[in-house]
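Source file: model_16.txt. Holds: compact mmCIF, C-alpha atoms.
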```txt
# COMPACT_ATOMS: atom_id res chain seq x y z
CA MET C 1 19.86 8.61 52.09
CA HIS C 2 21.03 5.24 50.76
CA LEU C 3 19.30 2.31 52.52
CA LEU C 4 22.56 0.75 53.73
CA SER C 5 23.66 4.04 55.29
CA LEU C 6 20.37 4.21 57.20
CA LEU C 7 20.67 0.63 58.41
CA VAL C 8 24.30 0.93 59.50
CA GLY C 9 23.51 4.19 61.29
CA GLU C 10 21.02 2.34 63.50
CA VAL C 11 23.48 -0.37 64.64
CA LYS C 12 24.67 0.06 68.22
CA PRO C 13 28.31 -0.71 69.20
CA ARG C 14 27.51 -3.98 70.99
CA PRO C 15 29.95 -6.83 71.70
CA VAL C 16 30.40 -9.55 69.06
CA PHE C 17 30.86 -13.19 70.06
CA PHE C 18 31.30 -14.99 66.72
CA VAL C 19 31.86 -14.32 63.01
CA GLY C 20 31.75 -17.21 60.55
CA ILE C 21 31.90 -17.15 56.76
CA GLY C 22 30.48 -20.35 55.28
CA TYR C 23 30.48 -21.20 51.59
CA PHE C 24 26.79 -20.34 51.25
CA ASP C 25 26.00 -18.16 54.25
CA THR C 26 27.68 -15.87 56.77
CA LEU C 27 26.75 -15.69 60.46
CA VAL C 28 27.38 -13.03 63.10
CA ILE C 29 26.47 -13.67 66.74
CA SER C 30 26.35 -10.63 69.01
CA GLU C 31 25.10 -9.53 72.40
CA LYS C 32 21.96 -8.26 70.64
CA GLY C 33 21.25 -11.42 68.66
CA ALA C 34 22.42 -13.38 65.63
CA GLY C 35 22.13 -12.49 61.96
CA LEU C 36 22.59 -14.33 58.68
CA SER C 37 23.54 -13.18 55.22
CA SER C 38 24.22 -14.94 51.96
CA THR C 39 27.95 -15.19 51.32
CA MET C 40 28.94 -13.04 48.37
CA ARG C 41 31.88 -14.47 46.47
CA PRO C 42 34.30 -12.66 44.17
CA GLU C 43 33.44 -12.82 40.48
CA THR C 44 37.07 -13.67 39.75
CA LYS C 45 39.03 -16.62 41.16
CA ARG C 46 41.30 -14.23 43.05
CA HIS C 47 40.14 -13.91 46.65
CA GLN C 48 40.73 -10.84 48.77
CA PRO C 49 41.66 -11.45 52.41
CA VAL C 50 39.20 -10.28 55.05
CA ARG C 51 40.44 -7.30 57.03
CA ASP C 52 41.43 -8.22 60.59
CA ALA C 53 40.46 -11.86 60.14
CA GLY C 54 41.19 -13.67 63.39
CA VAL C 55 40.32 -10.72 65.60
CA LEU C 56 36.88 -9.76 64.24
CA THR C 57 35.21 -10.48 67.58
CA GLU C 58 37.31 -7.70 69.07
CA LYS C 59 35.32 -5.24 66.97
CA SER C 60 31.89 -3.91 67.87
CA LEU C 61 28.75 -4.87 65.99
CA ARG C 62 28.66 -1.35 64.54
CA GLU C 63 32.24 -1.67 63.24
CA LEU C 64 31.38 -4.97 61.54
CA ALA C 65 28.20 -3.49 60.06
CA GLU C 66 30.37 -0.87 58.33
CA TYR C 67 32.06 -3.69 56.41
CA VAL C 68 28.99 -3.64 54.19
CA PHE C 69 30.52 -0.65 52.38
CA SER C 70 33.64 -2.63 51.44
CA ASP C 71 34.74 -3.58 47.92
CA ASN C 72 35.51 -7.07 49.23
CA PRO C 73 32.42 -9.34 48.79
CA LEU C 74 33.29 -11.42 51.86
CA GLU C 75 33.46 -8.30 54.01
CA VAL C 76 30.12 -7.12 52.60
CA SER C 77 28.64 -10.45 53.72
CA ILE C 78 29.94 -9.88 57.25
CA GLY C 79 28.50 -6.36 57.24
CA MET C 80 25.06 -7.54 56.16
CA ALA C 81 25.01 -10.33 58.76
CA ALA C 82 26.00 -7.78 61.41
CA ILE C 83 23.16 -5.49 60.38
CA ASN C 84 20.73 -8.40 60.61
CA ALA C 85 22.13 -9.33 64.03
CA SER C 86 21.27 -5.83 65.24
CA ILE C 87 17.60 -5.83 64.23
CA SER C 88 15.00 -6.70 66.85
CA ILE C 89 12.51 -9.46 66.08
CA PRO C 90 9.37 -7.78 64.73
CA ALA C 91 6.39 -7.71 67.09
CA GLU C 92 4.00 -8.82 64.36
CA PHE C 93 4.85 -11.34 61.67
CA VAL C 94 3.49 -14.40 59.87
CA GLU C 95 5.31 -17.65 59.21
CA LYS C 96 4.61 -17.66 55.50
CA ASN C 97 6.94 -18.64 52.69
CA ALA C 98 7.75 -15.84 50.24
CA ARG C 99 7.15 -18.29 47.38
CA ASP C 100 3.52 -18.71 48.45
CA ILE C 101 3.02 -14.95 48.66
CA ILE C 102 4.43 -14.47 45.15
CA ILE C 103 2.14 -17.19 43.77
CA GLU C 104 -0.89 -15.78 45.60
CA LYS C 105 -0.30 -12.22 44.40
CA GLY C 106 0.80 -13.28 40.91
CA LYS C 107 -2.19 -15.37 39.79
CA GLY C 108 -3.05 -14.24 36.27
CA LYS C 109 -0.49 -11.42 36.51
CA THR C 110 3.01 -10.64 35.31
CA VAL C 111 5.69 -11.39 37.90
CA GLY C 112 9.31 -10.27 37.92
CA ILE C 113 11.83 -11.98 40.20
CA ILE C 114 15.23 -10.42 40.77
CA GLY C 115 17.52 -13.39 41.42
CA HIS C 116 17.16 -17.03 40.44
CA PHE C 117 15.54 -18.67 43.46
CA PRO C 118 15.06 -22.47 43.64
CA PHE C 119 11.28 -22.08 43.38
CA VAL C 120 11.15 -20.20 40.06
CA ASN C 121 9.92 -23.21 38.05
CA GLU C 122 7.06 -23.75 40.49
CA VAL C 123 6.12 -20.07 40.35
CA LYS C 124 6.29 -20.05 36.55
CA ASN C 125 3.54 -22.66 36.34
CA ARG C 126 1.23 -20.80 38.70
CA VAL C 127 1.35 -17.15 37.64
CA GLY C 128 0.33 -15.37 34.45
CA LYS C 129 3.80 -14.56 33.12
CA LEU C 130 7.24 -14.70 34.71
CA TYR C 131 10.48 -12.81 34.13
CA VAL C 132 13.54 -13.91 36.11
CA PHE C 133 16.35 -11.34 36.08
CA GLU C 134 19.75 -12.69 37.04
CA LYS C 135 23.31 -11.32 37.14
CA SER C 136 24.58 -14.77 36.06
CA PRO C 137 21.63 -16.06 33.97
CA LYS C 138 20.63 -19.70 33.93
CA GLU C 139 18.54 -21.20 31.11
CA GLY C 140 15.35 -19.19 30.75
CA ASP C 141 16.62 -16.23 32.81
CA ILE C 142 16.98 -12.67 31.56
CA THR C 143 20.09 -10.57 32.06
CA GLU C 144 19.85 -7.64 34.47
CA ASN C 145 20.38 -5.13 31.68
CA LYS C 146 16.79 -5.86 30.59
CA ILE C 147 15.37 -4.54 33.87
CA PRO C 148 14.76 -0.99 32.54
CA GLU C 149 12.87 -2.43 29.56
CA LEU C 150 10.79 -5.18 31.17
CA LEU C 151 10.38 -4.63 34.91
CA SER C 152 7.78 -1.89 34.46
CA GLN C 153 5.49 -4.54 32.91
CA CYS C 154 5.41 -6.51 36.15
CA ASP C 155 2.47 -6.40 38.57
CA VAL C 156 4.40 -8.29 41.24
CA VAL C 157 8.13 -7.78 41.83
CA ALA C 158 10.18 -10.07 44.11
CA ILE C 159 13.62 -8.70 44.96
CA THR C 160 16.47 -10.70 46.41
CA GLY C 161 17.92 -9.29 49.62
CA MET C 162 21.34 -9.61 48.01
CA SER C 163 20.44 -6.61 45.85
CA ILE C 164 20.81 -4.51 49.01
CA MET C 165 24.33 -5.85 49.43
CA ASN C 166 25.48 -5.46 45.83
CA GLY C 167 24.08 -1.96 45.40
CA SER C 168 21.37 -2.74 42.85
CA PHE C 169 18.35 -2.37 45.16
CA GLU C 170 17.65 1.29 44.42
CA PHE C 171 18.16 0.64 40.69
CA VAL C 172 15.50 -2.07 40.78
CA LEU C 173 13.04 0.16 42.64
CA GLU C 174 13.63 2.94 40.13
CA HIS C 175 12.27 0.71 37.36
CA THR C 176 9.40 -0.82 39.37
CA ARG C 177 5.88 0.59 39.06
CA ASN C 178 4.54 2.31 42.17
CA ASP C 179 1.38 0.19 42.04
CA ALA C 180 3.24 -3.13 41.76
CA PHE C 181 3.25 -5.45 44.78
CA LYS C 182 6.86 -5.52 45.97
CA ILE C 183 8.45 -8.12 48.23
CA VAL C 184 12.07 -8.46 49.38
CA LEU C 185 13.17 -11.99 50.27
CA GLY C 186 16.10 -14.26 51.04
CA PRO C 187 18.50 -14.88 53.94
CA SER C 188 20.21 -11.49 53.55
CA THR C 189 16.96 -9.54 53.88
CA PRO C 190 16.85 -7.15 56.87
CA LEU C 191 13.54 -7.48 58.74
CA THR C 192 13.12 -3.74 59.10
CA PRO C 193 10.24 -1.28 58.52
CA ARG C 194 12.79 0.90 56.72
CA LEU C 195 11.94 -1.13 53.62
CA PHE C 196 8.29 -0.11 53.92
CA GLU C 197 9.37 3.53 53.77
CA MET C 198 10.86 2.73 50.35
CA GLY C 199 7.58 1.34 49.01
CA ILE C 200 8.10 -2.35 49.78
CA ASP C 201 4.88 -4.19 50.67
CA ALA C 202 6.27 -7.38 52.26
CA VAL C 203 9.61 -8.36 53.75
CA SER C 204 10.49 -12.06 54.05
CA GLY C 205 13.58 -12.80 56.09
CA THR C 206 15.12 -15.08 58.68
CA ILE C 207 15.16 -15.20 62.47
CA VAL C 208 18.08 -17.12 63.99
CA GLU C 209 16.40 -19.01 66.84
CA ASN C 210 19.34 -21.22 67.85
CA PRO C 211 22.69 -19.59 66.98
CA GLN C 212 24.78 -22.60 67.98
CA ILE C 213 22.87 -24.97 65.70
CA VAL C 214 22.99 -22.44 62.84
CA LYS C 215 26.74 -21.97 63.42
CA LYS C 216 27.33 -25.69 62.89
CA TYR C 217 25.39 -25.77 59.60
CA VAL C 218 26.99 -22.60 58.25
CA LEU C 219 30.56 -23.71 58.96
CA GLU C 220 29.96 -27.19 57.55
CA GLY C 221 28.89 -25.68 54.21
CA ALA C 222 25.16 -26.40 54.30
CA PRO C 223 23.09 -24.46 51.76
CA PHE C 224 20.52 -22.14 53.27
CA LYS C 225 17.53 -24.44 52.66
CA HIS C 226 19.18 -27.14 54.81
CA ILE C 227 20.02 -24.94 57.79
CA LYS C 228 18.17 -25.76 61.00
CA GLY C 229 17.69 -23.47 64.00
CA ILE C 230 16.08 -20.68 61.97
CA LYS C 231 12.54 -19.43 61.35
CA LEU C 232 11.36 -17.92 58.05
CA ILE C 233 8.94 -15.06 58.60
CA THR C 234 7.24 -12.28 56.66
CA ILE C 235 6.21 -8.82 57.80
CA PHE C 236 3.71 -6.72 55.85
CA ARG C 237 3.32 -3.00 55.44
```

Any chance you could give the structure as structure tokens?
Amino acid sequence: MHLLSLLVGEVKPRPVFFVGIGYFDTLVISEKGAGLSSTMRPETKRHQPVRDAGVLTEKSLRELAEYVFSDNPLEVSIGMAAINASISIPAEFVEKNARDIIIEKGKGKTVGIIGHFPFVNEVKNRVGKLYVFEKSPKEGDITENKIPELLSQCDVVAITGMSIMNGSFEFVLEHTRNDAFKIVLGPSTPLTPRLFEMGIDAVSGTIVENPQIVKKYVLEGAPFKHIKGIKLITIFR
């Protein structure tokens, strides 16, 4: 079964208290907890309205989670944040930056990163070889259509959590070697053992410790790295 279908199927119909779509990130606060997601924006300048905007808190957490199957990027963002709001904080985790894990595992090896993260230049100088695959390539990046050709060469593969949202996650895994060290990272990443069942070795995501502080930063347009009230953690298989 598709990963998103599994995750949505585990979301209980709990009350929702707040839904906010910021320029960079989306936040859902529920009875269970709060969850973040990167805000996906349309590739064209034409924006689609969000279904039932203004009354989203009248829906259950499960109903919002189902938005992740929408064709509207903003609704997908709400769905992913709702999924993350439904996941219990893992019992065992480490407060370790995904960047440091990639560098540690990638010394003298070939590393592939799906998504252009801010730390790619630092990683490039500290691993054997680096490929950065990006849907909208920046200088030095490689287009995603090169994944089938080059990803199998990588000993370490870092996958953006947004790949789960945009439907490319399974495609990436299909072209990743079984023996490669695989980590999923970023604010959209669900902190769930379900990813271990798919061969992922480490999951780096975000715990919302203070929803009201996070709400303020999200709605005022702060990029993820500036948001306070969160904790970055990693769980290992």

| Nearby residues (all atoms listed in the file) at most 8 Å from Val156 in chain C, same-chain spacing under 5 positions excluded, as a ChimeraX atom specification | /C:102,105-106,109-112,180-182

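Closest approach to Ser30 in chain C among C:Gly140, C:Pro13, C:Pro42, C:Gly161: C:Pro13, based on all atoms listed in the file.
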
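For Phe18 in chain C, the list of residues within 10 Å, based on all atoms listed in the file and with local chain neighbours fewer than 2 positions off taken out, reads Pro15, Val16, Gly20, Leu27, Val28, Ile29, Ser30, Ala34, Leu56, Thr57, Glu58, Pro211 and Lys215 of chain C.
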
| query | Which one of C:Asn121, C:Pro223, C:Ile235, C:Leu7 sits closest to Glu66 in chain C if you count all atoms listed in the file? | reply | C:Leu7

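Among the candidates C:Gly167, C:His226, C:His175, C:Arg51, the residue lying nearest to Lys146 in chain C is C:His175 (atoms considered: only C-alpha atoms).
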
| remark: CA of Leu130 in chain C to CA of Ser204 in chain C measures 19.8 Å

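In this comparison, which uses all atoms listed in the file, the residue of C:Arg237, C:Lys231, C:Lys138, C:Arg194 approaching Leu4 in chain C most closely is C:Arg194.
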
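Separating CA of His116 in chain C from CA of Ala222 in chain C is a distance of 18.5 Å.
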
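By all atoms listed in the file, and with residues fewer than 6 positions from Asn210 in chain C along its chain excluded, the set lying at most 9 Å from it is C:Ala34, C:Lys228, C:Gly229, C:Ile230.
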
Polymer residues at most 12 Å from Glu75 in chain C, only C-alpha atoms, same-chain spacing of 5 or more positions, as a CSV table (one decimal) with C-alpha atoms, in the coordinates of the input:
```csv
chain,number,residue,atom,x,y,z
C,19,VAL,CA,31.9,-14.3,63.0
C,20,GLY,CA,31.8,-17.2,60.6
C,21,ILE,CA,31.9,-17.2,56.8
C,26,THR,CA,27.7,-15.9,56.8
C,27,LEU,CA,26.8,-15.7,60.5
C,28,VAL,CA,27.4,-13.0,63.1
C,37,SER,CA,23.5,-13.2,55.2
C,38,SER,CA,24.2,-14.9,52.0
C,39,THR,CA,28.0,-15.2,51.3
C,40,MET,CA,28.9,-13.0,48.4
C,41,ARG,CA,31.9,-14.5,46.5
C,42,PRO,CA,34.3,-12.7,44.2
C,47,HIS,CA,40.1,-13.9,46.6
C,48,GLN,CA,40.7,-10.8,48.8
C,49,PRO,CA,41.7,-11.4,52.4
C,50,VAL,CA,39.2,-10.3,55.0
C,51,ARG,CA,40.4,-7.3,57.0
C,52,ASP,CA,41.4,-8.2,60.6
C,53,ALA,CA,40.5,-11.9,60.1
C,56,LEU,CA,36.9,-9.8,64.2
C,63,GLU,CA,32.2,-1.7,63.2
C,64,LEU,CA,31.4,-5.0,61.5
C,65,ALA,CA,28.2,-3.5,60.1
C,66,GLU,CA,30.4,-0.9,58.3
C,67,TYR,CA,32.1,-3.7,56.4
C,68,VAL,CA,29.0,-3.6,54.2
C,69,PHE,CA,30.5,-0.6,52.4
C,70,SER,CA,33.6,-2.6,51.4
C,80,MET,CA,25.1,-7.5,56.2
C,81,ALA,CA,25.0,-10.3,58.8
C,82,ALA,CA,26.0,-7.8,61.4
C,165,MET,CA,24.3,-5.8,49.4
C,166,ASN,CA,25.5,-5.5,45.8
```

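Here CA of Glu197 in chain C stands at a distance of 14.4 Å from CA of Ser5 in chain C.
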
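Using only C-alpha atoms, the residues found no farther than 12 Å from Arg177 in chain C, other than those of its own chain fewer than 6 positions away, are Gly112, Ile147, Pro148, Leu150, Leu151, Ser152, Gln153, Cys154, Asp155, Val156, Val157, Gly199 and Ile200 of chain C.
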
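Restricting the calculation to all atoms listed in the file, the smallest distance between Gly35 in chain C and any of C:Thr206, C:Val11, C:His2, C:Glu220 is found for C:Thr206.
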
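For the choices C:Leu191, C:Ala158, C:Val76, C:Ile83, the atom-to-atom distance to Ala98 in chain C is smallest for C:Ala158 when using only C-alpha atoms.
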